[in-house]
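Structure, as structure tokens:
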Amino acid sequence: MRAWIVLAFVSMLTLTASAQPTIPAEPFHDTLRGPTPLYEEAKPPLIAPTENRDVIRSRAYAQQPPTIPHKIDGYQLDRNANRCLACHARSRAEESGAVPIAISHYTDRAGETLGHLSPRRYFCTQCHVPQADIKPLVGNTFTDLADVSLPPAPQPKKK
Ligand code: HEC
Ligand code: HEC
């Protein structure tokens with residue numbers, strides 16, 4: 001009986017010894033921290049400039065909220081005021097030259113079309129975001145559906 005306990009103890013020891021934490025490859029590189037070791041404070045990168053070309057970008061897929069092609073610095077957007085609507089409201093579009101908000105923005109969650117902006121579309125930046133002129137942190141191989149060409153499906157073998 002005692003021999004059995006000793007055996008169990010020894011095998012437990014070998015198990016814990018083999019379960020060493022894996023040390024990341026050197027030099028450790030994290031997309032946000034860069035090669036800065038975990039115990040040191042990373043120097044944050046400079047804030048990238050917002051792309052402000054005023055040219056409407058194409059959308060990657062139907063129903064994509066269009067990205068904002070202009071700066072929104074200092075535009076008040078809280079429960080007291082919505083600066084975006086000062087240009088994007090239907091009544092303001094002619095004067096401002098902005099794209100008026102889409103009809104979907106007047107529809108509430110029950111599918112009813114309202115005479116005013118639906119509350120669920122009030123906080124524009126929940127869905128619409130400006131873009132920064134930077135090199136992406138991580139690679140991306142996204143292909144627009146229109147550009148995807150699928151190889152022909154494999155044919156069943158003839159007997
Ligand atoms: C001073 C007027 C003005 C204000 C304020 C403004 N915009 Fe714009 N916006 C424009 C104009 C004009 C365009 C057309 C492209 C251009 O000139 O930048 C535009 C374009 C856009 C587009 C692209 C539409 C498309 O069809 O691709 C989006 C999205 C947008 N704005 C969102 C916003 C949001 C969100 C806010 C508030 C944070 C905002 N805008 C505030 C004038 C404005
Ligand atoms: C819940 C997400 C959401 C919110 C919040 C939202 N939008 Fe949109 N928006 C969309 C989507 C999705 C589209 C594209 C599909 C469509 O036209 O409905 C769009 C389209 C647009 C367009 C292009 C319209 C066109 O005819 O090309 C403009 C301009 C716009 N939104 C402005 C705004 C503004 C300004 C606000 C804030 C008052 C806002 N949106 C809030 C999702 C949102």
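By convention here, the chains of the structure tokens are called A, B, ... in the order presented, each chain's residues are numbered starting at 1, and ligands are numbered starting at 1 in the order presented.
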Which residues of chain A sit at most 9 Å from ligand 1, using only C-alpha atoms and all ligand atoms? Give each one's shortest atom pair and distance in Å (one decimal place), in chain and ascending residue order, as CSV.
residue,atom,partner,partner_atom_place_in_ligand_line,distance
A:Asn52,CA,ligand 1,18 (O),7.3
A:Arg53,CA,ligand 1,18 (O),6.8
A:Asp54,CA,ligand 1,18 (O),3.2
A:Val55,CA,ligand 1,15 (C),5.4
A:Ile56,CA,ligand 1,27 (O),4.6
A:Arg57,CA,ligand 1,27 (O),5.8
A:Ser58,CA,ligand 1,27 (O),7.1
A:Arg59,CA,ligand 1,27 (O),7.8
A:Pro65,CA,ligand 1,29 (C),6.8
A:Pro66,CA,ligand 1,27 (O),4.6
A:Thr67,CA,ligand 1,29 (C),4.9
A:Ile68,CA,ligand 1,28 (C),4.1
A:Pro69,CA,ligand 1,18 (O),5.0
A:His70,CA,ligand 1,18 (O),4.7
A:Lys71,CA,ligand 1,41 (C),8.1
A:Ile72,CA,ligand 1,38 (C),5.1
A:Asp73,CA,ligand 1,38 (C),8.1
A:Gly74,CA,ligand 1,38 (C),8.7
A:Tyr75,CA,ligand 1,38 (C),5.8
A:Gln76,CA,ligand 1,38 (C),7.5
A:Leu77,CA,ligand 1,38 (C),6.6
A:Asn82,CA,ligand 1,37 (C),7.3
A:Arg83,CA,ligand 1,5 (C),5.2
A:Cys84,CA,ligand 1,37 (C),3.5
A:Leu85,CA,ligand 1,5 (C),6.9
A:Ala86,CA,ligand 1,5 (C),5.8
A:Cys87,CA,ligand 1,2 (C),4.4
A:His88,CA,ligand 1,7 (N),6.1
A:Ala93,CA,ligand 1,12 (C),8.3
A:Ser96,CA,ligand 1,2 (C),5.9
A:Gly97,CA,ligand 1,12 (C),4.7
A:Ala98,CA,ligand 1,11 (C),3.6
A:Val99,CA,ligand 1,24 (C),5.6
A:Pro100,CA,ligand 1,24 (C),8.2
A:Ile101,CA,ligand 1,24 (C),8.3
A:Ala102,CA,ligand 1,26 (O),8.9
A:Phe123,CA,ligand 1,35 (C),8.0
A:Cys124,CA,ligand 1,35 (C),4.6
A:Thr125,CA,ligand 1,35 (C),5.3
A:Gln126,CA,ligand 1,35 (C),8.6
A:Cys127,CA,ligand 1,35 (C),8.1
A:His128,CA,ligand 1,29 (C),5.4
A:Val129,CA,ligand 1,35 (C),6.8
A:Pro130,CA,ligand 1,32 (C),8.1
Find the residues near Ser104 in chain A: any atom within 9 Å, counting only C-alpha atoms, skip ones fewer than 3 places away on the same chain, and give them as a ChimeraX atom specification.
/A:101,107-108,113,118,121
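Of the residues under consideration (A:Ala89, A:Leu32, A:Ile103, A:Ala60), A:Ala60 shows the shortest atom-to-atom contact distance to Asp144 in chain A when counting only C-alpha atoms.
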For ligand 2, which residue out of A:Arg90, A:Arg109, A:His29, A:Arg120 is the nearest one, using only C-alpha atoms and all ligand atoms?
A:Arg120
Would you mind writing down, as number ranges by chain, each residue of chain A that DSSP on the backbone assigns to helix (DSSP H, G or I)?
A: 2-18, 85-88, 90-96, 103-106, 119-121, 124-126, 145-147
Next, write the just-selected residues to a file, as a compact mmCIF listing (two decimals), in the first residue's frame, keeping N, CA and C atoms as the atom set.
# COMPACT_ATOMS: atom_id res chain seq x y z
N ARG A 2 1.92 1.25 0.87
CA ARG A 2 2.77 2.43 0.98
C ARG A 2 3.52 2.66 -0.35
N ALA A 3 3.96 1.57 -0.94
CA ALA A 3 4.69 1.66 -2.22
C ALA A 3 3.80 2.32 -3.28
N TRP A 4 2.54 1.99 -3.23
CA TRP A 4 1.59 2.55 -4.21
C TRP A 4 1.50 4.07 -4.07
N ILE A 5 1.45 4.54 -2.80
CA ILE A 5 1.36 5.99 -2.54
C ILE A 5 2.61 6.69 -3.05
N VAL A 6 3.77 6.10 -2.76
CA VAL A 6 5.04 6.70 -3.20
C VAL A 6 5.06 6.80 -4.72
N LEU A 7 4.61 5.74 -5.37
CA LEU A 7 4.60 5.71 -6.84
C LEU A 7 3.71 6.83 -7.39
N ALA A 8 2.53 6.98 -6.77
CA ALA A 8 1.59 8.03 -7.21
C ALA A 8 2.22 9.40 -7.04
N PHE A 9 2.93 9.60 -5.91
CA PHE A 9 3.55 10.88 -5.62
C PHE A 9 4.63 11.21 -6.64
N VAL A 10 5.45 10.20 -6.94
CA VAL A 10 6.56 10.41 -7.90
C VAL A 10 6.00 10.73 -9.29
N SER A 11 4.95 10.03 -9.70
CA SER A 11 4.40 10.30 -11.04
C SER A 11 3.76 11.68 -11.09
N MET A 12 3.20 12.13 -9.93
CA MET A 12 2.62 13.48 -9.87
C MET A 12 3.71 14.53 -10.06
N LEU A 13 4.86 14.29 -9.41
CA LEU A 13 5.99 15.22 -9.51
C LEU A 13 6.45 15.35 -10.95
N THR A 14 6.59 14.21 -11.63
CA THR A 14 7.05 14.25 -13.02
C THR A 14 6.05 15.00 -13.88
N LEU A 15 4.76 14.82 -13.58
CA LEU A 15 3.72 15.49 -14.36
C LEU A 15 3.84 17.01 -14.22
N THR A 16 3.99 17.50 -12.96
CA THR A 16 4.06 18.94 -12.75
C THR A 16 5.33 19.51 -13.39
N ALA A 17 6.40 18.70 -13.37
CA ALA A 17 7.66 19.17 -13.95
C ALA A 17 7.51 19.35 -15.46
N SER A 18 6.74 18.45 -16.09
CA SER A 18 6.62 18.54 -17.55
C SER A 18 5.63 19.64 -17.96
N LEU A 85 -26.53 65.84 -36.87
CA LEU A 85 -27.83 66.14 -37.49
C LEU A 85 -27.90 67.57 -38.02
N ALA A 86 -27.05 68.44 -37.50
CA ALA A 86 -27.04 69.83 -37.99
C ALA A 86 -26.71 69.87 -39.48
N CYS A 87 -26.05 68.83 -39.98
CA CYS A 87 -25.76 68.76 -41.42
C CYS A 87 -26.49 67.60 -42.09
N HIS A 88 -26.62 66.46 -41.37
CA HIS A 88 -27.13 65.25 -42.00
C HIS A 88 -28.65 65.07 -41.91
N ARG A 90 -32.45 65.50 -42.84
CA ARG A 90 -33.03 65.73 -44.18
C ARG A 90 -33.24 67.22 -44.43
N SER A 91 -33.70 67.93 -43.40
CA SER A 91 -34.00 69.36 -43.57
C SER A 91 -32.74 70.19 -43.75
N ARG A 92 -31.56 69.66 -43.39
CA ARG A 92 -30.33 70.44 -43.48
C ARG A 92 -29.46 70.07 -44.68
N ALA A 93 -29.78 68.94 -45.31
CA ALA A 93 -28.89 68.38 -46.33
C ALA A 93 -28.68 69.32 -47.52
N GLU A 94 -29.73 70.00 -47.93
CA GLU A 94 -29.61 70.87 -49.10
C GLU A 94 -28.58 71.97 -48.85
N GLU A 95 -28.68 72.55 -47.68
CA GLU A 95 -27.80 73.66 -47.30
C GLU A 95 -26.36 73.19 -47.05
N SER A 96 -26.21 72.03 -46.37
CA SER A 96 -24.88 71.58 -45.95
C SER A 96 -24.16 70.77 -47.03
N ILE A 103 -33.40 56.20 -44.95
CA ILE A 103 -34.77 55.93 -44.47
C ILE A 103 -34.76 54.94 -43.31
N SER A 104 -33.78 54.02 -43.31
CA SER A 104 -33.68 53.03 -42.21
C SER A 104 -33.54 53.72 -40.85
N HIS A 105 -33.02 54.94 -40.85
CA HIS A 105 -32.80 55.67 -39.60
C HIS A 105 -34.09 56.23 -39.01
N TYR A 106 -35.18 56.09 -39.76
CA TYR A 106 -36.48 56.55 -39.27
C TYR A 106 -37.33 55.38 -38.78
N PRO A 119 -34.87 56.70 -32.10
CA PRO A 119 -33.92 56.81 -30.98
C PRO A 119 -32.76 55.82 -31.10
N ARG A 120 -33.00 54.64 -31.68
CA ARG A 120 -31.91 53.66 -31.76
C ARG A 120 -30.83 54.08 -32.76
N ARG A 121 -31.07 55.14 -33.53
CA ARG A 121 -30.06 55.63 -34.47
C ARG A 121 -29.49 56.98 -34.02
N CYS A 124 -24.78 58.28 -33.60
CA CYS A 124 -24.25 57.95 -34.92
C CYS A 124 -22.94 57.15 -34.87
N THR A 125 -22.06 57.50 -33.93
CA THR A 125 -20.73 56.88 -33.93
C THR A 125 -20.74 55.46 -33.37
N GLN A 126 -21.94 54.99 -32.98
CA GLN A 126 -22.08 53.59 -32.63
C GLN A 126 -21.82 52.74 -33.89
N LEU A 145 -17.21 40.46 -51.79
CA LEU A 145 -17.94 39.32 -52.34
C LEU A 145 -17.97 39.36 -53.87
N ALA A 146 -18.06 40.59 -54.42
CA ALA A 146 -18.13 40.73 -55.87
C ALA A 146 -16.85 40.27 -56.56
N ASP A 147 -15.72 40.26 -55.80
CA ASP A 147 -14.43 39.88 -56.40
C ASP A 147 -14.05 38.43 -56.11
Using only C-alpha atoms and all ligand atoms for the distances, tell me which of A:Ala81, A:Ala62, A:Ile134, A:Leu150 is nearest to ligand 2.
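Looking at the shortest contact to ligand 2, the residue is A:Ala62.
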Record the distance separating CA of Val148 in chain A and CA of Gln63 in chain A, expressed in Å with one decimal.
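Between CA of Val148 in chain A and CA of Gln63 in chain A the gap is 18.4 Å.
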Gap from atom 42 (C, counted along the ligand's line) of ligand 2 to CA of Ala132 in chain A - Å, one decimal:
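Separating atom 42 (C, counted along the ligand's line) of ligand 2 from CA of Ala132 in chain A is a distance of 19.6 Å.
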Test item: residues at most 12 Å from Leu137 in chain A, only C-alpha atoms, excluding those fewer than 5 positions along its chain, as an mmCIF file with all heavy atoms, in the first residue's frame:
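Dumped to part.cif:
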data_model
loop_
_atom_site.group_PDB
_atom_site.id
_atom_site.type_symbol
_atom_site.label_atom_id
_atom_site.label_comp_id
_atom_site.auth_asym_id
_atom_site.auth_seq_id
_atom_site.Cartn_x
_atom_site.Cartn_y
_atom_site.Cartn_z
ATOM 1 N N ASP A 30 4.150 41.840 -29.471
ATOM 2 C CA ASP A 30 2.708 41.954 -29.336
ATOM 3 C C ASP A 30 2.255 43.081 -30.249
ATOM 4 O O ASP A 30 2.939 44.103 -30.365
ATOM 5 C CB ASP A 30 2.392 42.285 -27.866
ATOM 6 C CG ASP A 30 0.909 42.437 -27.619
ATOM 7 O OD1 ASP A 30 0.263 41.419 -27.358
ATOM 8 O OD2 ASP A 30 0.407 43.575 -27.694
ATOM 9 N N THR A 31 1.099 42.945 -30.904
ATOM 10 C CA THR A 31 0.667 43.960 -31.867
ATOM 11 C C THR A 31 0.500 45.331 -31.214
ATOM 12 O O THR A 31 0.721 46.355 -31.855
ATOM 13 C CB THR A 31 -0.663 43.571 -32.527
ATOM 14 O OG1 THR A 31 -1.502 43.002 -31.539
ATOM 15 C CG2 THR A 31 -0.465 42.603 -33.664
ATOM 16 N N LEU A 32 0.074 45.383 -29.950
ATOM 17 C CA LEU A 32 -0.134 46.677 -29.308
ATOM 18 C C LEU A 32 1.099 47.145 -28.540
ATOM 19 O O LEU A 32 1.438 48.320 -28.568
ATOM 20 C CB LEU A 32 -1.339 46.615 -28.358
ATOM 21 C CG LEU A 32 -2.693 46.522 -29.060
ATOM 22 C CD1 LEU A 32 -3.802 46.363 -28.048
ATOM 23 C CD2 LEU A 32 -2.955 47.764 -29.894
ATOM 24 N N ARG A 33 1.785 46.213 -27.836
ATOM 25 C CA ARG A 33 2.929 46.599 -27.013
ATOM 26 C C ARG A 33 4.227 46.638 -27.807
ATOM 27 O O ARG A 33 5.209 47.213 -27.355
ATOM 28 C CB ARG A 33 3.109 45.621 -25.857
ATOM 29 C CG ARG A 33 1.957 45.560 -24.894
ATOM 30 C CD ARG A 33 2.264 44.546 -23.812
ATOM 31 N NE ARG A 33 3.487 44.890 -23.123
ATOM 32 C CZ ARG A 33 3.573 45.778 -22.151
ATOM 33 N NH1 ARG A 33 2.493 46.392 -21.766
ATOM 34 N NH2 ARG A 33 4.719 46.048 -21.572
ATOM 35 N N GLY A 34 4.252 46.003 -28.950
ATOM 36 C CA GLY A 34 5.488 45.893 -29.697
ATOM 37 C C GLY A 34 6.425 44.967 -28.951
ATOM 38 O O GLY A 34 5.969 44.082 -28.228
ATOM 39 N N PRO A 45 2.104 54.972 -29.175
ATOM 40 C CA PRO A 45 2.367 55.620 -30.460
ATOM 41 C C PRO A 45 1.592 56.933 -30.565
ATOM 42 O O PRO A 45 0.598 57.127 -29.869
ATOM 43 C CB PRO A 45 1.875 54.609 -31.484
ATOM 44 C CG PRO A 45 0.877 53.781 -30.751
ATOM 45 C CD PRO A 45 1.285 53.767 -29.320
ATOM 46 N N ALA A 132 -8.489 56.349 -39.867
ATOM 47 C CA ALA A 132 -7.162 56.938 -39.668
ATOM 48 C C ALA A 132 -6.249 56.534 -40.822
ATOM 49 O O ALA A 132 -6.398 55.454 -41.387
ATOM 50 C CB ALA A 132 -6.572 56.472 -38.356
#
Go through range 3-150 of chain A and collect every residue that DSSP, computed from the backbone, puts in strand (DSSP E or B); the answer should be as a list of chain:residue names.
A:Asp30, A:Gly34, A:Thr50, A:Ile68, A:Leu77, A:Asn82, A:Thr107, A:Thr113, A:Pro130, A:Ala132
Considering only C-alpha atoms and all ligand atoms, state which residue in the set A:Leu46, A:Leu117, A:Pro136, A:Glu51 is at the smallest distance from ligand 2.
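Answer, going by the shortest atom-to-atom distance: A:Leu117.
Here atom 39 (C, counted along the ligand's line) of ligand 2 is placed at a distance of 11.9 Å from CA of Gln64 in chain A.
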For ligand 2, the nearest of the candidates A:Asp78, A:Thr141, A:Pro37, A:Pro156, counting only C-alpha atoms and all ligand atoms
A:Asp78
